[in-house]
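Down below is the structure, laid out as structure tokens.
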Amino acid sequence: MAELLSNWSSTLEAVPPSHCIPVHERPSDPVEIVDSIPVIDLGKANGEERSAVVKDLLKAFEEYGFFQIINHGVPVDLMDEAMKVYKEFFSLPAEEKAEYAKDAANDTNRGAATLYSSSAKHYDSEEHRYWRDVLEHSCNLDGKDKKTWPSNPPRYREVIGAYGDELRRVSKVILGLLAEGLGLEAGFFDKELGQRMLVNHYPACPDPSLTLGVGGHCDPNLITIIQQEVYGLQILKDDKWIGVQPIRNAFVVNSGLPITVVSNGKLTSVAHRVVTNTTHSRTSIGTFICPHDIVEPAKALVGPENPPQFKSFNWGIDFMPHYLSKKSVYHASLEPFKIDA
């Protein structure tokens, strides 16, 4: 397994060959940082303006696949403390992080905290590696998985447990609004869903033109809720990369590939990537809301004039192994599950 980037990147004066990505993938062209990404005010979702919020949220899913949310109800001090805890974790001595730096691909306890470098496709590979370290673990409702979380910093489990609860609440609000916008029955997404924390740490990079924090990809889960402070996130809009400027105390939300299936192709998952910079490290907190088992087009969105575009499949057994394979690129992840016209 590749050594953790955060253990040695500060000593580098140049990007090592192992992290120089292929020329065609490098962020060579200037990218505009825009403020046009939709902003959804969740504080209006329970009042007279709810229908407008539903309309705006569905439009954001349709046109961008990304949006930022404000007035979400997550305490600012909890957001700040969660970010502080994760930064402290990645700053721990190498020997303390080593307990979690396992071979994620061969780890049979998929809920346990796992720390690796680059990505799930490249960290144990001779291929190029991305400029990041990743900590991920499950964050389920019953709380039984907490014992597998890091115990250092000492307040990690308390803070991230409270943070996970808040983000689960926010995810239910977002999915409830989405179900309403799609014309699905109330509570459509209220079935048992999985929740994972996936936290990315991107150290400052000697030459951002030679590498990426992570390459272009679509997420494999229903929705992702991201907390970020430092710019780096870019999305593919109309075949052009655009930068997402962080809004203080907001979350970025994006749709994953299963949403495309559930909506029977009405909504899409948008490719995104992360660029690095020379002066600041960047830590982003990702909360992944995942299907429990079967993913299929919603029955209310299928009919004689709108036949199903996708087969029913088991998310963990059928989809994830394909997604994590090297055959999976952007929307190609869904190709084996499409129904031929």
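Labeling convention for the structure tokens: chains A, B, ... as they appear, residues from 1 per chain, ligands from 1 in order of appearance.
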Discussion item. Just want the 12 Å neighbourhood of Ser28 (chain A), counted on only C-alpha atoms, with same-chain residues fewer than 5 positions away dropped. Output as a PyMOL selection string.
Written reply: chain A and resi 21-23+207-212+241+275
Given the selection you just returned, output its residues as a file containing N, CA, C and O atoms, formatted as a compact mmCIF listing (two decimals), in the first residue's frame.
```txt
# COMPACT_ATOMS: atom_id res chain seq x y z
N ILE A 21 0.08 12.70 -13.04
CA ILE A 21 -0.97 11.99 -13.77
C ILE A 21 -0.77 12.16 -15.27
O ILE A 21 -0.02 13.04 -15.71
N PRO A 22 -1.42 11.33 -16.09
CA PRO A 22 -1.26 11.45 -17.55
C PRO A 22 -1.58 12.85 -18.04
O PRO A 22 -2.45 13.54 -17.48
N VAL A 23 -0.90 13.26 -19.07
CA VAL A 23 -1.01 14.63 -19.58
C VAL A 23 -2.45 15.00 -19.90
O VAL A 23 -2.91 16.11 -19.60
N ASP A 207 3.41 21.50 -7.33
CA ASP A 207 3.07 21.89 -8.71
C ASP A 207 1.69 21.35 -9.07
O ASP A 207 1.56 20.23 -9.59
N PRO A 208 0.64 22.12 -8.82
CA PRO A 208 -0.73 21.66 -9.09
C PRO A 208 -1.01 21.34 -10.55
O PRO A 208 -2.01 20.68 -10.85
N SER A 209 -0.16 21.77 -11.48
CA SER A 209 -0.40 21.51 -12.89
C SER A 209 -0.09 20.07 -13.28
O SER A 209 -0.46 19.63 -14.37
N LEU A 210 0.57 19.33 -12.39
CA LEU A 210 0.99 17.96 -12.72
C LEU A 210 0.09 16.88 -12.13
O LEU A 210 0.23 15.72 -12.48
N THR A 211 -0.83 17.27 -11.26
CA THR A 211 -1.60 16.25 -10.56
C THR A 211 -2.99 16.79 -10.24
O THR A 211 -3.32 17.95 -10.52
N LEU A 212 -3.81 15.95 -9.64
CA LEU A 212 -5.13 16.33 -9.15
C LEU A 212 -5.31 15.77 -7.74
O LEU A 212 -4.70 14.75 -7.39
N TRP A 241 -15.11 22.35 -17.40
CA TRP A 241 -14.91 22.38 -15.95
C TRP A 241 -15.14 23.78 -15.42
O TRP A 241 -14.66 24.77 -15.99
N VAL A 275 -8.90 20.06 -7.61
CA VAL A 275 -7.55 20.54 -7.93
C VAL A 275 -6.84 20.91 -6.63
O VAL A 275 -7.46 21.13 -5.60
```
Discussion item. Calculated over only C-alpha atoms, which of the candidates A:Leu115, A:Leu334, A:Ile226, A:Val253 has the smallest distance to Gly265 (chain A)?
Written reply: A:Leu334
Discussion item. Please extract the residues of region 98-230 of chain A with a backbone DSSP assignment of strand (DSSP E) and present them as an MDAnalysis selection string.
Written reply: chainID A and resid 114:117 133:138 194:202 214:217 223:227
Would you write out those residues with C-alpha atoms, as an mmCIF file, in the first residue's frame?
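Below you can see out14.cif, which holds the result:
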```cif
data_model
loop_
_atom_site.group_PDB
_atom_site.id
_atom_site.type_symbol
_atom_site.label_atom_id
_atom_site.label_comp_id
_atom_site.auth_asym_id
_atom_site.auth_seq_id
_atom_site.Cartn_x
_atom_site.Cartn_y
_atom_site.Cartn_z
ATOM 1 C CA THR A 114 -9.905 2.876 6.897
ATOM 2 C CA LEU A 115 -7.180 5.318 5.917
ATOM 3 C CA TYR A 116 -5.535 5.231 2.511
ATOM 4 C CA SER A 117 -3.799 7.409 -0.038
ATOM 5 C CA ASP A 133 -5.315 10.923 1.805
ATOM 6 C CA VAL A 134 -8.762 9.543 2.618
ATOM 7 C CA LEU A 135 -10.338 8.492 5.898
ATOM 8 C CA GLU A 136 -13.634 6.668 5.604
ATOM 9 C CA HIS A 137 -15.937 4.729 7.877
ATOM 10 C CA SER A 138 -19.595 3.926 8.296
ATOM 11 C CA GLY A 194 -26.527 3.615 4.760
ATOM 12 C CA GLN A 195 -24.343 6.521 5.786
ATOM 13 C CA ARG A 196 -20.580 6.817 5.354
ATOM 14 C CA MET A 197 -18.103 9.513 6.242
ATOM 15 C CA LEU A 198 -15.478 10.011 3.538
ATOM 16 C CA VAL A 199 -13.019 12.718 4.503
ATOM 17 C CA ASN A 200 -10.414 13.913 2.018
ATOM 18 C CA HIS A 201 -7.192 15.641 2.986
ATOM 19 C CA TYR A 202 -5.283 17.356 0.169
ATOM 20 C CA VAL A 214 -8.888 13.367 -7.274
ATOM 21 C CA GLY A 215 -9.766 12.841 -10.930
ATOM 22 C CA GLY A 216 -13.113 13.324 -12.598
ATOM 23 C CA HIS A 217 -15.760 10.907 -11.336
ATOM 24 C CA ILE A 223 -26.442 12.013 -2.526
ATOM 25 C CA THR A 224 -23.240 13.438 -1.087
ATOM 26 C CA ILE A 225 -23.184 16.351 1.354
ATOM 27 C CA ILE A 226 -19.828 18.142 1.463
ATOM 28 C CA GLN A 227 -18.378 20.607 3.942
#
```
Practice prompt. Using CA of Leu236 (chain A) and CA of Glu63 (chain A) as the two end points, give the distance in Å to one decimal.
Written response: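 The value is 11.4 Å.
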Practice prompt. Determine the nearest neighbour of Ile235 (chain A) from the options A:Asn46, A:Ser269, A:Leu4, A:Met79, counting only C-alpha atoms.
Written response: A:Ser269
Practice prompt. Name the residues in contact with region 336-339 of chain A at a cut-off of 10 Å, using only C-alpha atoms, excluding same-chain residues fewer than 6 positions from it; report them as a ChimeraX atom specification.
Written response: /A:261,296,307-313,318-319,322
Generate a file of the selected residues that holds N, CA and C atoms, formatted as a PDB file, in the first residue's frame.
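Result file result09.pdb:
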```
ATOM      1  N   VAL A 261     -30.834   6.318 -11.727  1.00  0.00           N
ATOM      2  CA  VAL A 261     -31.651   5.112 -11.890  1.00  0.00           C
ATOM      3  C   VAL A 261     -33.026   5.307 -11.287  1.00  0.00           C
ATOM      4  N   GLU A 296     -33.627   0.660  -8.324  1.00  0.00           N
ATOM      5  CA  GLU A 296     -34.413   0.467  -9.541  1.00  0.00           C
ATOM      6  C   GLU A 296     -35.210   1.733  -9.817  1.00  0.00           C
ATOM      7  N   PRO A 307     -40.948   3.759 -20.472  1.00  0.00           N
ATOM      8  CA  PRO A 307     -40.485   2.450 -20.003  1.00  0.00           C
ATOM      9  C   PRO A 307     -39.213   2.579 -19.166  1.00  0.00           C
ATOM     10  N   PRO A 308     -38.941   1.602 -18.330  1.00  0.00           N
ATOM     11  CA  PRO A 308     -37.740   1.653 -17.499  1.00  0.00           C
ATOM     12  C   PRO A 308     -36.474   1.672 -18.348  1.00  0.00           C
ATOM     13  N   GLN A 309     -35.535   2.523 -17.973  1.00  0.00           N
ATOM     14  CA  GLN A 309     -34.262   2.619 -18.685  1.00  0.00           C
ATOM     15  C   GLN A 309     -33.169   1.776 -18.042  1.00  0.00           C
ATOM     16  N   PHE A 310     -33.434   1.301 -16.820  1.00  0.00           N
ATOM     17  CA  PHE A 310     -32.409   0.567 -16.079  1.00  0.00           C
ATOM     18  C   PHE A 310     -32.992  -0.696 -15.458  1.00  0.00           C
ATOM     19  N   LYS A 311     -32.141  -1.685 -15.332  1.00  0.00           N
ATOM     20  CA  LYS A 311     -32.506  -2.911 -14.639  1.00  0.00           C
ATOM     21  C   LYS A 311     -32.473  -2.676 -13.134  1.00  0.00           C
ATOM     22  N   SER A 312     -33.186  -3.505 -12.415  1.00  0.00           N
ATOM     23  CA  SER A 312     -33.070  -3.525 -10.963  1.00  0.00           C
ATOM     24  C   SER A 312     -31.764  -4.216 -10.588  1.00  0.00           C
ATOM     25  N   PHE A 313     -31.049  -3.674  -9.597  1.00  0.00           N
ATOM     26  CA  PHE A 313     -29.799  -4.310  -9.173  1.00  0.00           C
ATOM     27  C   PHE A 313     -29.550  -4.082  -7.693  1.00  0.00           C
ATOM     28  N   ASP A 318     -23.994  -5.967  -6.789  1.00  0.00           N
ATOM     29  CA  ASP A 318     -23.871  -5.853  -8.246  1.00  0.00           C
ATOM     30  C   ASP A 318     -23.140  -4.580  -8.687  1.00  0.00           C
ATOM     31  N   PHE A 319     -23.506  -3.463  -8.078  1.00  0.00           N
ATOM     32  CA  PHE A 319     -23.033  -2.175  -8.586  1.00  0.00           C
ATOM     33  C   PHE A 319     -21.641  -1.792  -8.082  1.00  0.00           C
ATOM     34  N   HIS A 322     -18.447  -3.224  -9.677  1.00  0.00           N
ATOM     35  CA  HIS A 322     -18.198  -2.659 -11.007  1.00  0.00           C
ATOM     36  C   HIS A 322     -17.706  -1.222 -10.906  1.00  0.00           C
TER      37      HIS A 322
END
```
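The interatomic distance for the pair CA of Ala113 (chain A) and CA of Pro150 (chain A) works out to 7.0 Å.
Checking A:Asn314, A:Gln228, A:Ser10, A:Ser333 one by one against Ser284 (chain A), counting only C-alpha atoms, you find the shortest gap at A:Gln228.
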If we count only C-alpha atoms and set the cut-off at 12 Å, which residues sit around region 172-176 of chain A, ignoring sequence neighbours fewer than 5 positions away in its own chain? Please answer as a JSON list (two decimals) with N, CA and C atoms, in the first residue's frame.
```json
[["chain", "number", "residue", "atom", "x", "y", "z"],
["A", 40, "ILE", "N", -29.75, 26.76, -2.31],
["A", 40, "ILE", "CA", -31.09, 26.40, -1.82],
["A", 40, "ILE", "C", -31.18, 26.76, -0.33],
["A", 41, "ASP", "N", -32.19, 27.54, 0.02],
["A", 41, "ASP", "CA", -32.42, 27.94, 1.41],
["A", 41, "ASP", "C", -33.36, 26.93, 2.06],
["A", 42, "LEU", "N", -32.78, 25.99, 2.81],
["A", 42, "LEU", "CA", -33.62, 24.97, 3.45],
["A", 42, "LEU", "C", -34.48, 25.53, 4.57],
["A", 43, "GLY", "N", -34.13, 26.74, 5.04],
["A", 43, "GLY", "CA", -34.94, 27.34, 6.10],
["A", 43, "GLY", "C", -36.35, 27.68, 5.64],
["A", 44, "LYS", "N", -36.55, 27.73, 4.33],
["A", 44, "LYS", "CA", -37.88, 28.04, 3.79],
["A", 44, "LYS", "C", -38.69, 26.79, 3.46],
["A", 45, "ALA", "N", -38.10, 25.61, 3.71],
["A", 45, "ALA", "CA", -38.75, 24.36, 3.27],
["A", 45, "ALA", "C", -39.98, 24.00, 4.09],
["A", 46, "ASN", "N", -40.12, 24.56, 5.28],
["A", 46, "ASN", "CA", -41.26, 24.20, 6.13],
["A", 46, "ASN", "C", -42.30, 25.32, 6.20],
["A", 50, "ARG", "N", -42.41, 26.52, 0.57],
["A", 50, "ARG", "CA", -41.93, 25.15, 0.35],
["A", 50, "ARG", "C", -42.01, 24.74, -1.12],
["A", 53, "VAL", "N", -39.18, 26.08, -2.98],
["A", 53, "VAL", "CA", -37.95, 25.38, -2.63],
["A", 53, "VAL", "C", -37.86, 24.05, -3.37],
["A", 54, "VAL", "N", -38.97, 23.32, -3.40],
["A", 54, "VAL", "CA", -39.02, 22.04, -4.12],
["A", 54, "VAL", "C", -38.70, 22.26, -5.60],
["A", 56, "ASP", "N", -37.04, 24.76, -6.99],
["A", 56, "ASP", "CA", -35.65, 25.18, -7.17],
["A", 56, "ASP", "C", -34.68, 24.02, -6.98],
["A", 57, "LEU", "N", -34.97, 23.17, -6.00],
["A", 57, "LEU", "CA", -34.09, 22.03, -5.74],
["A", 57, "LEU", "C", -34.11, 21.05, -6.90],
["A", 58, "LEU", "N", -35.30, 20.75, -7.42],
["A", 58, "LEU", "CA", -35.39, 19.83, -8.55],
["A", 58, "LEU", "C", -34.68, 20.42, -9.77],
["A", 60, "ALA", "N", -32.16, 22.43, -9.72],
["A", 60, "ALA", "CA", -30.72, 22.34, -9.46],
["A", 60, "ALA", "C", -30.21, 20.92, -9.75],
["A", 61, "PHE", "N", -30.97, 19.92, -9.35],
["A", 61, "PHE", "CA", -30.61, 18.53, -9.66],
["A", 61, "PHE", "C", -30.58, 18.31, -11.17],
["A", 67, "PHE", "N", -25.55, 21.70, -5.89],
["A", 67, "PHE", "CA", -26.05, 22.96, -5.36],
["A", 67, "PHE", "C", -25.51, 23.12, -3.94],
["A", 68, "GLN", "N", -25.62, 24.33, -3.43],
["A", 68, "GLN", "CA", -25.22, 24.58, -2.04],
["A", 68, "GLN", "C", -26.46, 24.85, -1.22],
["A", 69, "ILE", "N", -26.43, 24.46, 0.05],
["A", 69, "ILE", "CA", -27.58, 24.67, 0.93],
["A", 69, "ILE", "C", -27.17, 25.58, 2.09],
["A", 70, "ILE", "N", -28.07, 26.50, 2.42],
["A", 70, "ILE", "CA", -27.89, 27.39, 3.56],
["A", 70, "ILE", "C", -29.08, 27.24, 4.50],
["A", 72, "HIS", "N", -29.52, 25.34, 6.98],
["A", 72, "HIS", "CA", -29.77, 23.90, 7.07],
["A", 72, "HIS", "C", -29.97, 23.42, 8.50],
["A", 73, "GLY", "N", -29.66, 24.25, 9.47],
["A", 73, "GLY", "CA", -29.90, 23.89, 10.86],
["A", 73, "GLY", "C", -28.77, 23.20, 11.58],
["A", 165, "ASP", "N", -25.25, 12.61, 13.07],
["A", 165, "ASP", "CA", -26.68, 12.69, 13.33],
["A", 165, "ASP", "C", -27.31, 13.89, 12.63],
["A", 166, "GLU", "N", -26.63, 15.02, 12.70],
["A", 166, "GLU", "CA", -27.15, 16.23, 12.06],
["A", 166, "GLU", "C", -27.20, 16.08, 10.55],
["A", 167, "LEU", "N", -26.16, 15.50, 9.98],
["A", 167, "LEU", "CA", -26.14, 15.34, 8.52],
["A", 167, "LEU", "C", -27.17, 14.32, 8.05],
["A", 181, "GLY", "N", -40.55, 16.68, -5.44],
["A", 181, "GLY", "CA", -40.34, 17.27, -6.75],
["A", 181, "GLY", "C", -40.52, 16.28, -7.89],
["A", 182, "LEU", "N", -40.16, 15.02, -7.64],
["A", 182, "LEU", "CA", -40.29, 13.98, -8.66],
["A", 182, "LEU", "C", -41.70, 13.40, -8.73],
["A", 183, "GLY", "N", -42.56, 13.80, -7.79],
["A", 183, "GLY", "CA", -43.92, 13.27, -7.76],
["A", 183, "GLY", "C", -44.02, 11.90, -7.13],
["A", 184, "LEU", "N", -43.06, 11.55, -6.28],
["A", 184, "LEU", "CA", -43.08, 10.27, -5.59],
["A", 184, "LEU", "C", -43.84, 10.39, -4.28],
["A", 185, "GLU", "N", -44.27, 9.26, -3.73],
["A", 185, "GLU", "CA", -45.03, 9.30, -2.50],
["A", 185, "GLU", "C", -44.17, 9.83, -1.35],
["A", 186, "ALA", "N", -44.83, 10.46, -0.39],
["A", 186, "ALA", "CA", -44.14, 10.97, 0.78],
["A", 186, "ALA", "C", -43.43, 9.82, 1.49],
["A", 187, "GLY", "N", -42.21, 10.04, 1.88],
["A", 187, "GLY", "CA", -41.46, 8.99, 2.58],
["A", 187, "GLY", "C", -40.80, 8.00, 1.65],
["A", 188, "PHE", "N", -40.75, 8.30, 0.35],
["A", 188, "PHE", "CA", -40.16, 7.35, -0.60],
["A", 188, "PHE", "C", -38.74, 6.98, -0.22],
["A", 189, "PHE", "N", -37.97, 7.95, 0.24],
["A", 189, "PHE", "CA", -36.57, 7.70, 0.60],
["A", 189, "PHE", "C", -36.39, 7.41, 2.09],
["A", 190, "ASP", "N", -37.48, 7.21, 2.82],
["A", 190, "ASP", "CA", -37.36, 7.01, 4.26],
["A", 190, "ASP", "C", -37.02, 5.58, 4.65],
["A", 191, "LYS", "N", -36.77, 4.73, 3.67],
["A", 191, "LYS", "CA", -36.36, 3.37, 3.98],
["A", 191, "LYS", "C", -34.96, 3.40, 4.58],
["A", 192, "GLU", "N", -34.52, 2.26, 5.06],
["A", 192, "GLU", "CA", -33.19, 2.19, 5.68],
["A", 192, "GLU", "C", -32.10, 2.53, 4.65],
["A", 193, "LEU", "N", -31.31, 3.54, 4.96],
["A", 193, "LEU", "CA", -30.22, 3.95, 4.09],
["A", 193, "LEU", "C", -28.90, 3.89, 4.86],
["A", 195, "GLN", "N", -25.01, 5.23, 5.69],
["A", 195, "GLN", "CA", -24.34, 6.52, 5.79],
["A", 195, "GLN", "C", -22.86, 6.28, 6.02],
["A", 222, "LEU", "N", -26.47, 7.79, -3.31],
["A", 222, "LEU", "CA", -27.63, 8.59, -3.67],
["A", 222, "LEU", "C", -27.30, 10.07, -3.72],
["A", 223, "ILE", "N", -26.88, 10.62, -2.58],
["A", 223, "ILE", "CA", -26.44, 12.01, -2.53],
["A", 223, "ILE", "C", -25.20, 12.10, -1.64],
["A", 224, "THR", "N", -24.40, 13.13, -1.90],
["A", 224, "THR", "CA", -23.24, 13.44, -1.09],
["A", 224, "THR", "C", -23.41, 14.85, -0.55],
["A", 225, "ILE", "N", -23.13, 15.04, 0.72],
["A", 225, "ILE", "CA", -23.18, 16.35, 1.35],
["A", 225, "ILE", "C", -21.77, 16.70, 1.80],
["A", 251, "PHE", "N", -23.27, 23.86, 2.89],
["A", 251, "PHE", "CA", -22.87, 22.54, 2.42],
["A", 251, "PHE", "C", -23.09, 22.47, 0.91],
["A", 252, "VAL", "N", -22.21, 21.73, 0.24],
["A", 252, "VAL", "CA", -22.42, 21.41, -1.17],
["A", 252, "VAL", "C", -23.12, 20.05, -1.24],
["A", 253, "VAL", "N", -24.12, 19.94, -2.08],
["A", 253, "VAL", "CA", -24.86, 18.68, -2.26],
["A", 253, "VAL", "C", -24.74, 18.26, -3.72],
["A", 254, "ASN", "N", -24.46, 16.99, -3.96],
["A", 254, "ASN", "CA", -24.48, 16.50, -5.34],
["A", 254, "ASN", "C", -25.17, 15.14, -5.41],
["A", 255, "SER", "N", -25.73, 14.87, -6.56],
["A", 255, "SER", "CA", -26.45, 13.61, -6.77],
["A", 255, "SER", "C", -25.49, 12.55, -7.28],
["A", 259, "ILE", "N", -29.30, 7.97, -8.17],
["A", 259, "ILE", "CA", -30.39, 8.92, -8.39],
["A", 259, "ILE", "C", -30.82, 8.90, -9.86],
["A", 262, "VAL", "N", -33.08, 5.78, -10.04],
["A", 262, "VAL", "CA", -34.36, 5.98, -9.35],
["A", 262, "VAL", "C", -35.27, 6.92, -10.14],
["A", 289, "ILE", "N", -24.75, 9.30, 1.52],
["A", 289, "ILE", "CA", -26.01, 8.62, 1.84],
["A", 289, "ILE", "C", -26.22, 7.55, 0.76],
["A", 290, "CYS", "N", -26.24, 6.30, 1.21],
["A", 290, "CYS", "CA", -26.15, 5.16, 0.29],
["A", 290, "CYS", "C", -27.41, 4.31, 0.27]]
```
Worksheet item: Pick from A:Ala298, A:Leu233, A:Cys205, A:Met320: nearest to Asn277 (chain A), with only C-alpha atoms counted?
Response: A:Cys205
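Using only C-alpha atoms, the smallest distance between any of A:Cys139, A:Val244, A:Leu178, A:Ile317 and Val274 (chain A) comes from A:Val244.
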Item to complete: Would you list, as a ChimeraX atom specification, the residues of region 158-275 of chain A that end up in helix (DSSP H, G or I) under DSSP run on this structure's backbone?
Response: /A:158-182,208-210,257-262
Can I get the selected residues back with C-alpha atoms, as a PDB file, in the first residue's frame?
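Writing done, so here's again17.pdb:
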```
ATOM      1  CA  GLU A 158     -18.334  12.360  20.353  1.00  0.00           C
ATOM      2  CA  VAL A 159     -18.004  15.167  17.810  1.00  0.00           C
ATOM      3  CA  ILE A 160     -18.361  13.083  14.648  1.00  0.00           C
ATOM      4  CA  GLY A 161     -21.228  11.112  16.193  1.00  0.00           C
ATOM      5  CA  ALA A 162     -23.170  14.346  16.756  1.00  0.00           C
ATOM      6  CA  TYR A 163     -22.145  15.648  13.333  1.00  0.00           C
ATOM      7  CA  GLY A 164     -23.286  12.433  11.637  1.00  0.00           C
ATOM      8  CA  ASP A 165     -26.681  12.686  13.334  1.00  0.00           C
ATOM      9  CA  GLU A 166     -27.146  16.228  12.064  1.00  0.00           C
ATOM     10  CA  LEU A 167     -26.143  15.342   8.516  1.00  0.00           C
ATOM     11  CA  ARG A 168     -28.522  12.370   8.531  1.00  0.00           C
ATOM     12  CA  ARG A 169     -31.334  14.764   9.441  1.00  0.00           C
ATOM     13  CA  VAL A 170     -30.347  17.152   6.645  1.00  0.00           C
ATOM     14  CA  SER A 171     -30.184  14.296   4.134  1.00  0.00           C
ATOM     15  CA  LYS A 172     -33.752  13.319   4.980  1.00  0.00           C
ATOM     16  CA  VAL A 173     -34.912  16.868   4.334  1.00  0.00           C
ATOM     17  CA  ILE A 174     -33.148  16.981   0.963  1.00  0.00           C
ATOM     18  CA  LEU A 175     -34.417  13.562  -0.128  1.00  0.00           C
ATOM     19  CA  GLY A 176     -37.920  14.423   1.053  1.00  0.00           C
ATOM     20  CA  LEU A 177     -37.921  17.546  -1.091  1.00  0.00           C
ATOM     21  CA  LEU A 178     -36.533  15.571  -4.016  1.00  0.00           C
ATOM     22  CA  ALA A 179     -39.235  12.907  -3.716  1.00  0.00           C
ATOM     23  CA  GLU A 180     -41.864  15.629  -3.694  1.00  0.00           C
ATOM     24  CA  GLY A 181     -40.342  17.272  -6.751  1.00  0.00           C
ATOM     25  CA  LEU A 182     -40.293  13.978  -8.661  1.00  0.00           C
ATOM     26  CA  PRO A 208      -0.731  21.659  -9.092  1.00  0.00           C
ATOM     27  CA  SER A 209      -0.403  21.512 -12.894  1.00  0.00           C
ATOM     28  CA  LEU A 210       0.993  17.963 -12.718  1.00  0.00           C
ATOM     29  CA  LEU A 257     -25.450   7.586  -9.981  1.00  0.00           C
ATOM     30  CA  PRO A 258     -28.300   5.738  -8.182  1.00  0.00           C
ATOM     31  CA  ILE A 259     -30.393   8.915  -8.388  1.00  0.00           C
ATOM     32  CA  THR A 260     -30.193   8.616 -12.171  1.00  0.00           C
ATOM     33  CA  VAL A 261     -31.651   5.112 -11.890  1.00  0.00           C
ATOM     34  CA  VAL A 262     -34.361   5.976  -9.355  1.00  0.00           C
TER      35      VAL A 262
END
```
Practice prompt. Would you list the contacts of Val76 (chain A) as an MDAnalysis selection string, taking every protein, DNA or RNA residue within 10 Å and counting only C-alpha atoms, but skipping same-chain residues closer than 5 positions in sequence?
Written response: chainID A and resid 81:82 248:250
Generate a file of the selected residues that holds N, CA and C atoms, formatted as a short mmCIF file (atom, residue, chain, number, x, y, z; two decimals), in the first residue's frame.
```
data_model
loop_
_atom_site.label_atom_id
_atom_site.label_comp_id
_atom_site.auth_asym_id
_atom_site.auth_seq_id
_atom_site.Cartn_x
_atom_site.Cartn_y
_atom_site.Cartn_z
N GLU A 81 -16.10 22.42 14.71
CA GLU A 81 -15.42 21.42 15.55
C GLU A 81 -15.13 20.14 14.77
N ALA A 82 -16.07 19.74 13.92
CA ALA A 82 -15.84 18.55 13.09
C ALA A 82 -14.65 18.76 12.16
N ARG A 248 -19.30 30.21 3.11
CA ARG A 248 -19.08 29.97 4.53
C ARG A 248 -20.34 29.40 5.20
N ASN A 249 -20.17 28.31 5.91
CA ASN A 249 -21.24 27.64 6.68
C ASN A 249 -22.32 27.00 5.81
N ALA A 250 -22.04 26.86 4.52
CA ALA A 250 -22.97 26.13 3.64
C ALA A 250 -22.43 24.73 3.39
#
```
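Relative to CA of Asn221 (chain A), CA of Gly243 (chain A) is found at 22.2 Å.
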Fill in: Selected residue of minimal separation from Phe89 (chain A) among A:Gly143, A:Pro154, A:Pro30, A:Pro203, counting only C-alpha atoms
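Using only C-alpha atoms, the shortest distance to Phe89 (chain A) belongs to A:Pro154.
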